[in-house]
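Participant: Input: one structure, supplied below.
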Amino acid sequence: MSTQGLDEFAGWVEGLMRARGYDIDSPRGGGKSRIADEAGVHRAAVTRLLQRQSMPDLETMRRIAPLLGVSVRDMLIRSGRVTPEELPLAADLLPPGDWQPTMEDFARWLGVPDERMDVFVKVVTQFLEPEPEGGDARATGESRRAAQD
């Protein structure tokens, strides 16, 4: 990591610490010790970061992030250790909202071999309720709830 990258990251972390009420500026403020104690990390790790001497390791980031109100993902990206593309958000990995997975999709997710795909689909389909006339699966659930009431 470059000196500029470390400086930017440390500046960002300092701002978060100050925003959360940690007194990291005065020698007797105790903010560095307090955050180290609350995070369960060595005070030296906090001091080295704030003095721009070294980047915290993954475990230190993992412990400090919740205290600062940020995700470990944000810490890793801001530190330059990973890019947003290398650590995508779960929502970025989801298919479009109107996509309906097929039985074959479920079989692939479960690791069913291609040569057993047909058997898997036949067996699982036996446990599913047939769709009502018109193909609206919600109607089945609504009519079932109405029948129970």
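Letters for chains follow the order of the structure tokens (A, B, ...), residue numbers begin at 1 for each chain, and ligand numbers begin at 1 in the order shown.
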List as a PDB file with N, CA, C and O atoms, in the first residue's frame the protein and nucleic acid residues near Met75 (chain A), meaning an atom at most 9 Å away when only C-alpha atoms are counted, but skip any in the same chain fewer than 2 places from it.

Facilitator:
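In the end it all went to around_29.pdb:
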ATOM      1  N   PHE A   9      -6.656   6.286   4.287  1.00  0.00           N
ATOM      2  CA  PHE A   9      -7.390   5.335   5.104  1.00  0.00           C
ATOM      3  C   PHE A   9      -7.377   5.750   6.574  1.00  0.00           C
ATOM      4  O   PHE A   9      -8.407   5.757   7.241  1.00  0.00           O
ATOM      5  N   VAL A  13     -10.530   6.666   9.042  1.00  0.00           N
ATOM      6  CA  VAL A  13     -10.760   6.004  10.322  1.00  0.00           C
ATOM      7  C   VAL A  13     -10.765   7.030  11.460  1.00  0.00           C
ATOM      8  O   VAL A  13     -11.611   6.958  12.358  1.00  0.00           O
ATOM      9  N   MET A  61      -9.260  -5.052  11.688  1.00  0.00           N
ATOM     10  CA  MET A  61     -10.341  -4.379  10.951  1.00  0.00           C
ATOM     11  C   MET A  61     -11.692  -4.987  11.313  1.00  0.00           C
ATOM     12  O   MET A  61     -12.672  -4.269  11.494  1.00  0.00           O
ATOM     13  N   ARG A  62     -11.725  -6.309  11.387  1.00  0.00           N
ATOM     14  CA  ARG A  62     -12.980  -7.008  11.700  1.00  0.00           C
ATOM     15  C   ARG A  62     -13.509  -6.596  13.072  1.00  0.00           C
ATOM     16  O   ARG A  62     -14.705  -6.476  13.280  1.00  0.00           O
ATOM     17  N   ALA A  65     -14.366  -2.358  12.951  1.00  0.00           N
ATOM     18  CA  ALA A  65     -15.441  -1.907  12.062  1.00  0.00           C
ATOM     19  C   ALA A  65     -16.782  -1.715  12.772  1.00  0.00           C
ATOM     20  O   ALA A  65     -17.405  -0.653  12.623  1.00  0.00           O
ATOM     21  N   VAL A  70     -19.248   0.829  10.577  1.00  0.00           N
ATOM     22  CA  VAL A  70     -19.051   0.509   9.164  1.00  0.00           C
ATOM     23  C   VAL A  70     -18.899  -0.997   9.019  1.00  0.00           C
ATOM     24  O   VAL A  70     -18.647  -1.712   9.987  1.00  0.00           O
ATOM     25  N   SER A  71     -19.026  -1.466   7.795  1.00  0.00           N
ATOM     26  CA  SER A  71     -18.865  -2.899   7.548  1.00  0.00           C
ATOM     27  C   SER A  71     -17.393  -3.224   7.341  1.00  0.00           C
ATOM     28  O   SER A  71     -16.579  -2.361   6.988  1.00  0.00           O
ATOM     29  N   VAL A  72     -17.062  -4.477   7.551  1.00  0.00           N
ATOM     30  CA  VAL A  72     -15.702  -4.934   7.273  1.00  0.00           C
ATOM     31  C   VAL A  72     -15.420  -4.757   5.788  1.00  0.00           C
ATOM     32  O   VAL A  72     -14.308  -4.394   5.397  1.00  0.00           O
ATOM     33  N   ARG A  73     -16.431  -4.969   4.964  1.00  0.00           N
ATOM     34  CA  ARG A  73     -16.289  -4.764   3.514  1.00  0.00           C
ATOM     35  C   ARG A  73     -15.818  -3.342   3.228  1.00  0.00           C
ATOM     36  O   ARG A  73     -14.885  -3.131   2.457  1.00  0.00           O
ATOM     37  N   ILE A  77     -12.255  -2.276   1.487  1.00  0.00           N
ATOM     38  CA  ILE A  77     -12.224  -1.509   0.242  1.00  0.00           C
ATOM     39  C   ILE A  77     -11.499  -0.185   0.457  1.00  0.00           C
ATOM     40  O   ILE A  77     -10.632   0.194  -0.325  1.00  0.00           O
ATOM     41  N   ARG A  78     -11.831   0.534   1.533  1.00  0.00           N
ATOM     42  CA  ARG A  78     -11.169   1.812   1.823  1.00  0.00           C
ATOM     43  C   ARG A  78      -9.676   1.640   2.049  1.00  0.00           C
ATOM     44  O   ARG A  78      -8.892   2.530   1.757  1.00  0.00           O
ATOM     45  N   SER A  79      -9.278   0.494   2.605  1.00  0.00           N
ATOM     46  CA  SER A  79      -7.862   0.251   2.872  1.00  0.00           C
ATOM     47  C   SER A  79      -7.093  -0.080   1.601  1.00  0.00           C
ATOM     48  O   SER A  79      -5.870  -0.088   1.596  1.00  0.00           O
ATOM     49  N   GLY A  80      -7.825  -0.394   0.524  1.00  0.00           N
ATOM     50  CA  GLY A  80      -7.178  -0.752  -0.730  1.00  0.00           C
ATOM     51  C   GLY A  80      -6.826  -2.221  -0.832  1.00  0.00           C
ATOM     52  O   GLY A  80      -6.200  -2.651  -1.795  1.00  0.00           O
ATOM     53  N   ARG A  81      -7.248  -3.006   0.134  1.00  0.00           N
ATOM     54  CA  ARG A  81      -6.918  -4.444   0.107  1.00  0.00           C
ATOM     55  C   ARG A  81      -7.738  -5.203  -0.926  1.00  0.00           C
ATOM     56  O   ARG A  81      -7.274  -6.205  -1.456  1.00  0.00           O
TER      57      ARG A  81
END

Participant: Where does DSSP see helix (DSSP H, G or I) in chain A, if you list the residues as a PyMOL selection string?

Facilitator: chain A and resi 3-19+31-39+43-50+58-68+72-79+90-93+103-110+114-126+137-148

Participant: Which residue, A:Arg52, A:Val124, A:Arg63, A:Glu115, has the smallest gap to Gly5 (chain A) when you use only C-alpha atoms?

Facilitator: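 Answer, going by the shortest atom-to-atom distance: A:Arg52.
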
Participant: Of the candidates A:Leu76, A:Ala10, A:Ile24, A:Met17, which shows the shortest atom-to-atom distance to Arg48 (chain A), using only C-alpha atoms?

Facilitator: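 That would be A:Ala10, the residue with the smallest distance to Arg48 (chain A).
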
Participant: Can you measure CA of Leu128 (chain A) to CA of Pro101 (chain A) for me? One decimal in Å is fine.

Facilitator: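 A separation of 14.7 Å between them.
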